[in-house]
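**Student:** Take a look at this one; I'll ask things after.
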Amino acid sequence: MTYIFLISILSFALIGAAVTDVRSSKIPNIITFPLASIGLIIHGISDGVEGVLFSLEGLALGFGLLLIFYMLGGMGAGDVKLLSAVGAIIGPYDVFIAFLMTSCLGGLYAVGLMVLTWGLPSTAERVKVILTTWLVTRVVATPSSAESNQPKLRYGLVIGLGALGSQAWRWLDATNL
């Protein structure tokens with residue numbers, strides 16, 4: 001019963017985070033901090049110190065998995081805090097699965113947004129330049145500041161899909177489907 005309660009809260013929080021991220025390009029602390037706190041408290045009540053440690057491990061792993069991308073400028077602090085809060089709810093193993101799913105979905109999302117923004121031929125050329133530059137110099141080519149038509153990625157939605165996808169994966173695994 002605790003699991004269903006936590007996943008219900010997580011689902012509502014992820015919907016709220018996705019909506020605010022798409023609308024305002026921000027994931028507010030009013031969503032992430034209470035979500036992380038709920039994970040710590042509920043796991044603590046249901047499993048004691050082990051539950052708190054489980055929740056803290058998930059929180060720390062969620063934070064660590066996205067921190068480098070934040071430091072490189074690839075995403076906002078709200079995205080990092082959201083995956084951290086997700087980790088506090090679902091724990092370290094499931095937050096890692098959520099991260100993997102988020103990464104795959106995020107790549108598809110980024111390419112799809114590029115195609116919608118620039119068209120397929122221009123997107124293919126840009127990807128070719130980025131990959132060629134990286135293979136030759138081991139430096140990721142970044143667009144010039146004059147290029148203002150860069151598509152804006154909203155990872156709140158993608159993190160939500162990855163997190164809920166990890167729980168669907170967990171359910172499928174548990175039911176041996």
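A note on labels: chains of the structure tokens are A, B, ... as shown, every chain counts residues from 1, and ligands are counted from 1 in their shown order.
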If we count only C-alpha atoms, what is near Tyr93 (chain A) at a cut-off of 12 Å, once residues fewer than 4 positions away on the same chain are taken out, given as JSON, numbers by chain?
**Tutor:** {"A": [54, 55, 57, 58, 59, 60, 61, 62, 86, 87, 88, 89, 97, 98, 99, 100, 163, 166, 167, 169, 170]}
**Student:** Give the helix (DSSP H, G or I) residues of chain A, as assigned by DSSP on the backbone, as a short mmCIF file (atom, residue, chain, number, x, y, z; two decimals) with N, CA and C atoms, in the first residue's frame.
**Tutor:**
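Generated file (part.cif):
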data_model
loop_
_atom_site.label_atom_id
_atom_site.label_comp_id
_atom_site.auth_asym_id
_atom_site.auth_seq_id
_atom_site.Cartn_x
_atom_site.Cartn_y
_atom_site.Cartn_z
N THR A 2 1.99 1.19 0.71
CA THR A 2 2.89 2.35 0.76
C THR A 2 3.42 2.66 -0.64
N TYR A 3 3.76 1.62 -1.39
CA TYR A 3 4.29 1.80 -2.74
C TYR A 3 3.28 2.53 -3.62
N ILE A 4 2.03 2.11 -3.60
CA ILE A 4 0.99 2.73 -4.42
C ILE A 4 0.81 4.20 -4.02
N PHE A 5 0.84 4.47 -2.72
CA PHE A 5 0.73 5.84 -2.22
C PHE A 5 1.87 6.70 -2.74
N LEU A 6 3.10 6.18 -2.63
CA LEU A 6 4.26 6.95 -3.09
C LEU A 6 4.25 7.17 -4.60
N ILE A 7 3.88 6.17 -5.36
CA ILE A 7 3.84 6.31 -6.82
C ILE A 7 2.74 7.28 -7.23
N SER A 8 1.64 7.30 -6.50
CA SER A 8 0.58 8.27 -6.79
C SER A 8 1.07 9.69 -6.56
N ILE A 9 1.73 9.91 -5.44
CA ILE A 9 2.29 11.24 -5.15
C ILE A 9 3.33 11.61 -6.21
N LEU A 10 4.19 10.64 -6.53
CA LEU A 10 5.22 10.87 -7.54
C LEU A 10 4.59 11.26 -8.88
N SER A 11 3.55 10.56 -9.27
CA SER A 11 2.88 10.84 -10.55
C SER A 11 2.34 12.26 -10.59
N PHE A 12 1.66 12.68 -9.54
CA PHE A 12 1.12 14.05 -9.50
C PHE A 12 2.23 15.09 -9.52
N ALA A 13 3.30 14.83 -8.78
CA ALA A 13 4.42 15.77 -8.75
C ALA A 13 5.09 15.86 -10.12
N LEU A 14 5.24 14.73 -10.79
CA LEU A 14 5.87 14.73 -12.11
C LEU A 14 5.02 15.45 -13.15
N ILE A 15 3.71 15.30 -13.05
CA ILE A 15 2.82 16.04 -13.95
C ILE A 15 2.97 17.54 -13.70
N GLY A 16 2.97 17.93 -12.43
CA GLY A 16 3.15 19.34 -12.10
C GLY A 16 4.49 19.87 -12.58
N ALA A 17 5.56 19.09 -12.40
CA ALA A 17 6.89 19.51 -12.84
C ALA A 17 6.94 19.65 -14.36
N ALA A 18 6.34 18.71 -15.07
CA ALA A 18 6.35 18.77 -16.53
C ALA A 18 5.58 19.99 -17.04
N VAL A 19 4.43 20.24 -16.46
CA VAL A 19 3.61 21.38 -16.89
C VAL A 19 4.34 22.70 -16.63
N THR A 20 4.89 22.87 -15.43
CA THR A 20 5.58 24.13 -15.13
C THR A 20 6.86 24.27 -15.95
N ASP A 21 7.55 23.17 -16.22
CA ASP A 21 8.76 23.24 -17.03
C ASP A 21 8.44 23.66 -18.46
N VAL A 22 7.40 23.08 -19.03
CA VAL A 22 7.00 23.44 -20.40
C VAL A 22 6.53 24.90 -20.45
N ARG A 23 5.77 25.33 -19.47
CA ARG A 23 5.23 26.69 -19.47
C ARG A 23 6.27 27.76 -19.14
N SER A 24 7.10 27.52 -18.13
CA SER A 24 7.97 28.58 -17.63
C SER A 24 9.46 28.26 -17.70
N ASN A 29 11.05 24.66 -6.69
CA ASN A 29 11.41 23.96 -5.45
C ASN A 29 10.16 23.51 -4.68
N ILE A 30 9.04 24.18 -4.89
CA ILE A 30 7.80 23.82 -4.19
C ILE A 30 7.34 22.42 -4.61
N ILE A 31 7.86 21.92 -5.72
CA ILE A 31 7.57 20.55 -6.14
C ILE A 31 8.67 19.60 -5.67
N THR A 32 9.93 19.97 -5.90
CA THR A 32 11.02 19.02 -5.66
C THR A 32 11.32 18.79 -4.19
N PHE A 33 11.37 19.84 -3.38
CA PHE A 33 11.73 19.67 -1.97
C PHE A 33 10.68 18.88 -1.19
N PRO A 34 9.38 19.21 -1.33
CA PRO A 34 8.39 18.39 -0.63
C PRO A 34 8.38 16.93 -1.12
N LEU A 35 8.61 16.71 -2.42
CA LEU A 35 8.63 15.34 -2.95
C LEU A 35 9.76 14.54 -2.31
N ALA A 36 10.94 15.13 -2.24
CA ALA A 36 12.07 14.45 -1.59
C ALA A 36 11.79 14.21 -0.12
N SER A 37 11.20 15.20 0.55
CA SER A 37 10.87 15.06 1.97
C SER A 37 9.86 13.95 2.21
N ILE A 38 8.86 13.88 1.35
CA ILE A 38 7.84 12.82 1.47
C ILE A 38 8.50 11.45 1.33
N GLY A 39 9.41 11.31 0.37
CA GLY A 39 10.11 10.05 0.20
C GLY A 39 10.88 9.66 1.45
N LEU A 40 11.63 10.60 2.00
CA LEU A 40 12.41 10.32 3.22
C LEU A 40 11.50 9.96 4.39
N ILE A 41 10.44 10.72 4.56
CA ILE A 41 9.53 10.51 5.70
C ILE A 41 8.79 9.18 5.58
N ILE A 42 8.19 8.93 4.44
CA ILE A 42 7.39 7.70 4.27
C ILE A 42 8.28 6.46 4.35
N HIS A 43 9.45 6.50 3.70
CA HIS A 43 10.35 5.35 3.81
C HIS A 43 10.85 5.18 5.24
N GLY A 44 11.07 6.30 5.93
CA GLY A 44 11.48 6.23 7.33
C GLY A 44 10.41 5.64 8.22
N ILE A 45 9.15 6.03 8.01
CA ILE A 45 8.04 5.51 8.80
C ILE A 45 7.84 4.02 8.52
N SER A 46 7.91 3.64 7.24
CA SER A 46 7.61 2.25 6.90
C SER A 46 8.77 1.29 7.16
N ASP A 47 10.03 1.76 7.01
CA ASP A 47 11.17 0.85 7.15
C ASP A 47 12.25 1.34 8.11
N GLY A 48 11.97 2.38 8.85
CA GLY A 48 12.94 2.86 9.84
C GLY A 48 14.19 3.44 9.22
N VAL A 49 15.31 3.22 9.89
CA VAL A 49 16.59 3.76 9.44
C VAL A 49 16.95 3.21 8.06
N GLU A 50 16.68 1.94 7.82
CA GLU A 50 16.96 1.36 6.50
C GLU A 50 16.17 2.06 5.40
N GLY A 51 14.94 2.44 5.69
CA GLY A 51 14.12 3.16 4.72
C GLY A 51 14.67 4.55 4.43
N VAL A 52 15.13 5.24 5.47
CA VAL A 52 15.73 6.56 5.29
C VAL A 52 17.00 6.44 4.46
N LEU A 53 17.83 5.44 4.75
CA LEU A 53 19.06 5.23 3.98
C LEU A 53 18.75 4.90 2.52
N PHE A 54 17.74 4.06 2.30
CA PHE A 54 17.29 3.72 0.94
C PHE A 54 16.91 4.99 0.19
N SER A 55 16.14 5.85 0.83
CA SER A 55 15.68 7.09 0.23
C SER A 55 16.85 8.05 -0.02
N LEU A 56 17.76 8.15 0.94
CA LEU A 56 18.94 9.02 0.77
C LEU A 56 19.86 8.53 -0.35
N GLU A 57 20.00 7.20 -0.46
CA GLU A 57 20.81 6.65 -1.55
C GLU A 57 20.20 7.01 -2.90
N GLY A 58 18.89 6.89 -3.02
CA GLY A 58 18.21 7.25 -4.27
C GLY A 58 18.35 8.73 -4.57
N LEU A 59 18.19 9.54 -3.53
CA LEU A 59 18.33 10.99 -3.69
C LEU A 59 19.74 11.35 -4.15
N ALA A 60 20.74 10.80 -3.50
CA ALA A 60 22.13 11.10 -3.85
C ALA A 60 22.48 10.61 -5.26
N LEU A 61 22.02 9.42 -5.63
CA LEU A 61 22.30 8.91 -6.96
C LEU A 61 21.61 9.75 -8.02
N GLY A 62 20.34 10.10 -7.80
CA GLY A 62 19.63 10.96 -8.74
C GLY A 62 20.35 12.30 -8.94
N PHE A 63 20.84 12.85 -7.85
CA PHE A 63 21.60 14.10 -7.90
C PHE A 63 22.88 13.92 -8.70
N GLY A 64 23.62 12.88 -8.36
CA GLY A 64 24.91 12.65 -9.00
C GLY A 64 24.82 12.35 -10.49
N LEU A 65 23.77 11.66 -10.90
CA LEU A 65 23.64 11.28 -12.30
C LEU A 65 23.46 12.48 -13.23
N LEU A 66 22.82 13.54 -12.75
CA LEU A 66 22.58 14.70 -13.60
C LEU A 66 23.50 15.88 -13.30
N LEU A 67 24.27 15.80 -12.23
CA LEU A 67 25.10 16.95 -11.83
C LEU A 67 26.08 17.35 -12.92
N ILE A 68 26.74 16.40 -13.54
CA ILE A 68 27.73 16.73 -14.58
C ILE A 68 27.07 17.43 -15.76
N PHE A 69 25.86 17.02 -16.12
CA PHE A 69 25.16 17.67 -17.23
C PHE A 69 24.78 19.11 -16.86
N TYR A 70 24.42 19.32 -15.61
CA TYR A 70 24.13 20.67 -15.13
C TYR A 70 25.41 21.52 -15.18
N MET A 71 26.51 20.96 -14.71
CA MET A 71 27.77 21.71 -14.67
C MET A 71 28.26 22.05 -16.08
N ALA A 77 19.13 23.43 -12.90
CA ALA A 77 19.20 22.88 -11.54
C ALA A 77 17.88 22.20 -11.16
N GLY A 78 16.77 22.69 -11.68
CA GLY A 78 15.48 22.07 -11.38
C GLY A 78 15.41 20.64 -11.87
N ASP A 79 16.04 20.36 -13.01
CA ASP A 79 16.08 18.99 -13.53
C ASP A 79 16.85 18.08 -12.58
N VAL A 80 17.98 18.58 -12.08
CA VAL A 80 18.80 17.80 -11.15
C VAL A 80 18.02 17.54 -9.87
N LYS A 81 17.37 18.58 -9.35
CA LYS A 81 16.59 18.42 -8.11
C LYS A 81 15.41 17.49 -8.32
N LEU A 82 14.81 17.53 -9.51
CA LEU A 82 13.68 16.63 -9.77
C LEU A 82 14.12 15.17 -9.77
N LEU A 83 15.21 14.85 -10.45
CA LEU A 83 15.66 13.45 -10.43
C LEU A 83 16.11 13.04 -9.03
N SER A 84 16.66 13.97 -8.27
CA SER A 84 17.02 13.68 -6.88
C SER A 84 15.78 13.32 -6.07
N ALA A 85 14.73 14.11 -6.23
CA ALA A 85 13.48 13.86 -5.50
C ALA A 85 12.86 12.54 -5.94
N VAL A 86 12.92 12.26 -7.23
CA VAL A 86 12.43 10.98 -7.73
C VAL A 86 13.20 9.84 -7.06
N GLY A 87 14.51 10.00 -6.95
CA GLY A 87 15.33 8.99 -6.28
C GLY A 87 14.95 8.77 -4.83
N ALA A 88 14.56 9.85 -4.14
CA ALA A 88 14.13 9.72 -2.74
C ALA A 88 12.86 8.89 -2.64
N ILE A 89 12.05 8.92 -3.67
CA ILE A 89 10.79 8.15 -3.67
C ILE A 89 11.04 6.70 -4.09
N ILE A 90 11.77 6.49 -5.20
CA ILE A 90 11.86 5.14 -5.77
C ILE A 90 13.15 4.41 -5.46
N GLY A 91 14.13 5.08 -4.88
CA GLY A 91 15.36 4.41 -4.46
C GLY A 91 16.42 4.36 -5.54
N PRO A 92 17.61 3.87 -5.17
CA PRO A 92 18.76 3.94 -6.07
C PRO A 92 18.65 3.08 -7.34
N TYR A 93 18.20 1.85 -7.22
CA TYR A 93 18.12 1.00 -8.41
C TYR A 93 17.14 1.59 -9.42
N ASP A 94 15.94 1.91 -8.95
CA ASP A 94 14.92 2.41 -9.86
C ASP A 94 15.26 3.80 -10.41
N VAL A 95 15.96 4.63 -9.63
CA VAL A 95 16.32 5.94 -10.17
C VAL A 95 17.39 5.79 -11.25
N PHE A 96 18.23 4.77 -11.13
CA PHE A 96 19.21 4.52 -12.19
C PHE A 96 18.49 4.08 -13.47
N ILE A 97 17.51 3.19 -13.34
CA ILE A 97 16.70 2.78 -14.50
C ILE A 97 15.97 3.98 -15.08
N ALA A 98 15.43 4.83 -14.21
CA ALA A 98 14.74 6.05 -14.66
C ALA A 98 15.71 6.95 -15.43
N PHE A 99 16.94 7.07 -14.94
CA PHE A 99 17.96 7.86 -15.62
C PHE A 99 18.25 7.31 -17.01
N LEU A 100 18.40 5.98 -17.10
CA LEU A 100 18.67 5.37 -18.41
C LEU A 100 17.52 5.62 -19.38
N MET A 101 16.29 5.45 -18.89
CA MET A 101 15.13 5.70 -19.75
C MET A 101 15.03 7.17 -20.12
N THR A 102 15.31 8.05 -19.17
CA THR A 102 15.29 9.48 -19.43
C THR A 102 16.34 9.85 -20.47
N SER A 103 17.51 9.24 -20.38
CA SER A 103 18.57 9.52 -21.35
C SER A 103 18.15 9.12 -22.76
N CYS A 104 17.58 7.94 -22.89
CA CYS A 104 17.13 7.48 -24.21
C CYS A 104 16.01 8.37 -24.75
N LEU A 105 15.02 8.62 -23.91
CA LEU A 105 13.91 9.48 -24.33
C LEU A 105 14.38 10.90 -24.61
N GLY A 106 15.32 11.39 -23.80
CA GLY A 106 15.86 12.74 -23.99
C GLY A 106 16.58 12.88 -25.32
N GLY A 107 17.33 11.85 -25.71
CA GLY A 107 18.00 11.88 -27.01
C GLY A 107 17.00 11.91 -28.16
N LEU A 108 15.98 11.08 -28.07
CA LEU A 108 14.93 11.08 -29.10
C LEU A 108 14.21 12.43 -29.14
N TYR A 109 13.92 12.96 -27.96
CA TYR A 109 13.26 14.25 -27.84
C TYR A 109 14.11 15.36 -28.48
N ALA A 110 15.41 15.36 -28.19
CA ALA A 110 16.30 16.40 -28.72
C ALA A 110 16.37 16.32 -30.24
N VAL A 111 16.54 15.12 -30.78
CA VAL A 111 16.61 14.97 -32.23
C VAL A 111 15.28 15.35 -32.87
N GLY A 112 14.18 14.91 -32.27
CA GLY A 112 12.86 15.26 -32.80
C GLY A 112 12.63 16.77 -32.80
N LEU A 113 13.04 17.43 -31.74
CA LEU A 113 12.90 18.89 -31.66
C LEU A 113 13.78 19.59 -32.69
N MET A 114 14.97 19.05 -32.91
CA MET A 114 15.86 19.62 -33.94
C MET A 114 15.23 19.48 -35.33
N VAL A 115 14.67 18.32 -35.60
CA VAL A 115 14.04 18.10 -36.91
C VAL A 115 12.85 19.04 -37.08
N LEU A 116 12.05 19.20 -36.04
CA LEU A 116 10.91 20.12 -36.13
C LEU A 116 11.35 21.57 -36.31
N THR A 117 12.47 21.93 -35.68
CA THR A 117 12.95 23.31 -35.75
C THR A 117 13.66 23.61 -37.06
N TRP A 118 14.55 22.73 -37.49
CA TRP A 118 15.42 23.01 -38.63
C TRP A 118 15.14 22.17 -39.86
N LEU A 120 14.88 18.04 -41.52
CA LEU A 120 15.74 16.86 -41.49
C LEU A 120 17.12 17.10 -42.11
N PRO A 121 17.23 17.72 -43.30
CA PRO A 121 18.58 17.89 -43.88
C PRO A 121 19.50 18.75 -43.00
N SER A 122 18.99 19.83 -42.47
CA SER A 122 19.81 20.71 -41.62
C SER A 122 20.19 20.01 -40.32
N THR A 123 19.26 19.25 -39.75
CA THR A 123 19.55 18.51 -38.52
C THR A 123 20.64 17.48 -38.78
N ALA A 124 20.53 16.75 -39.90
CA ALA A 124 21.53 15.74 -40.23
C ALA A 124 22.91 16.40 -40.39
N GLU A 125 22.96 17.55 -41.02
CA GLU A 125 24.23 18.26 -41.20
C GLU A 125 24.81 18.70 -39.87
N ARG A 126 23.97 19.23 -38.98
CA ARG A 126 24.44 19.66 -37.66
C ARG A 126 24.97 18.49 -36.84
N VAL A 127 24.24 17.38 -36.86
CA VAL A 127 24.69 16.19 -36.12
C VAL A 127 26.01 15.69 -36.70
N LYS A 128 26.15 15.71 -38.02
CA LYS A 128 27.39 15.28 -38.67
C LYS A 128 28.56 16.16 -38.22
N VAL A 129 28.36 17.48 -38.18
CA VAL A 129 29.42 18.40 -37.75
C VAL A 129 29.79 18.16 -36.29
N ILE A 130 28.80 17.98 -35.45
CA ILE A 130 29.05 17.75 -34.02
C ILE A 130 29.85 16.46 -33.83
N LEU A 131 29.40 15.38 -34.48
CA LEU A 131 30.08 14.08 -34.33
C LEU A 131 31.48 14.10 -34.92
N THR A 132 31.64 14.72 -36.09
CA THR A 132 32.96 14.80 -36.72
C THR A 132 33.91 15.60 -35.85
N THR A 133 33.45 16.74 -35.36
CA THR A 133 34.29 17.56 -34.49
C THR A 133 34.69 16.79 -33.25
N TRP A 134 33.74 16.08 -32.66
CA TRP A 134 34.04 15.32 -31.45
C TRP A 134 35.04 14.18 -31.74
N LEU A 135 34.84 13.47 -32.85
CA LEU A 135 35.75 12.37 -33.18
C LEU A 135 37.17 12.85 -33.44
N VAL A 136 37.32 14.01 -34.05
CA VAL A 136 38.64 14.53 -34.40
C VAL A 136 39.30 15.22 -33.21
N THR A 137 38.54 16.05 -32.49
CA THR A 137 39.14 16.89 -31.43
C THR A 137 38.80 16.44 -30.02
N TYR A 155 13.36 19.21 -19.91
CA TYR A 155 13.61 17.85 -19.43
C TYR A 155 12.67 17.42 -18.31
N GLY A 156 11.90 18.32 -17.73
CA GLY A 156 10.95 17.92 -16.70
C GLY A 156 10.00 16.85 -17.22
N LEU A 157 9.52 17.05 -18.42
CA LEU A 157 8.63 16.08 -19.05
C LEU A 157 9.35 14.75 -19.28
N VAL A 158 10.56 14.81 -19.78
CA VAL A 158 11.32 13.60 -20.09
C VAL A 158 11.69 12.84 -18.81
N ILE A 159 12.08 13.56 -17.77
CA ILE A 159 12.38 12.92 -16.49
C ILE A 159 11.13 12.22 -15.95
N GLY A 160 9.99 12.88 -16.08
CA GLY A 160 8.74 12.27 -15.64
C GLY A 160 8.44 10.99 -16.39
N LEU A 161 8.62 11.01 -17.70
CA LEU A 161 8.37 9.80 -18.49
C LEU A 161 9.37 8.70 -18.14
N GLY A 162 10.62 9.07 -17.93
CA GLY A 162 11.63 8.08 -17.55
C GLY A 162 11.35 7.47 -16.19
N ALA A 163 10.93 8.31 -15.24
CA ALA A 163 10.64 7.83 -13.89
C ALA A 163 9.43 6.90 -13.88
N LEU A 164 8.39 7.30 -14.56
CA LEU A 164 7.20 6.44 -14.61
C LEU A 164 7.46 5.20 -15.45
N GLY A 165 8.29 5.34 -16.48
CA GLY A 165 8.70 4.18 -17.28
C GLY A 165 9.47 3.17 -16.45
N SER A 166 10.31 3.66 -15.55
CA SER A 166 11.07 2.74 -14.69
C SER A 166 10.13 1.96 -13.77
N GLN A 167 9.04 2.60 -13.36
CA GLN A 167 8.09 1.90 -12.49
C GLN A 167 7.24 0.92 -13.28
N ALA A 168 6.96 1.24 -14.55
CA ALA A 168 6.27 0.28 -15.42
C ALA A 168 7.19 -0.92 -15.66
N TRP A 169 8.48 -0.66 -15.86
CA TRP A 169 9.47 -1.73 -16.03
C TRP A 169 9.50 -2.63 -14.79
N ARG A 170 9.48 -1.98 -13.63
CA ARG A 170 9.49 -2.72 -12.36
C ARG A 170 8.26 -3.62 -12.26
N TRP A 171 7.10 -3.09 -12.63
CA TRP A 171 5.86 -3.84 -12.56
C TRP A 171 5.90 -5.02 -13.55
N LEU A 172 6.37 -4.76 -14.78
CA LEU A 172 6.47 -5.83 -15.77
C LEU A 172 7.44 -6.92 -15.32
N ASP A 173 8.53 -6.51 -14.71
CA ASP A 173 9.51 -7.47 -14.20
C ASP A 173 8.91 -8.32 -13.06
N ALA A 174 8.16 -7.66 -12.20
CA ALA A 174 7.56 -8.37 -11.05
C ALA A 174 6.46 -9.35 -11.49
#
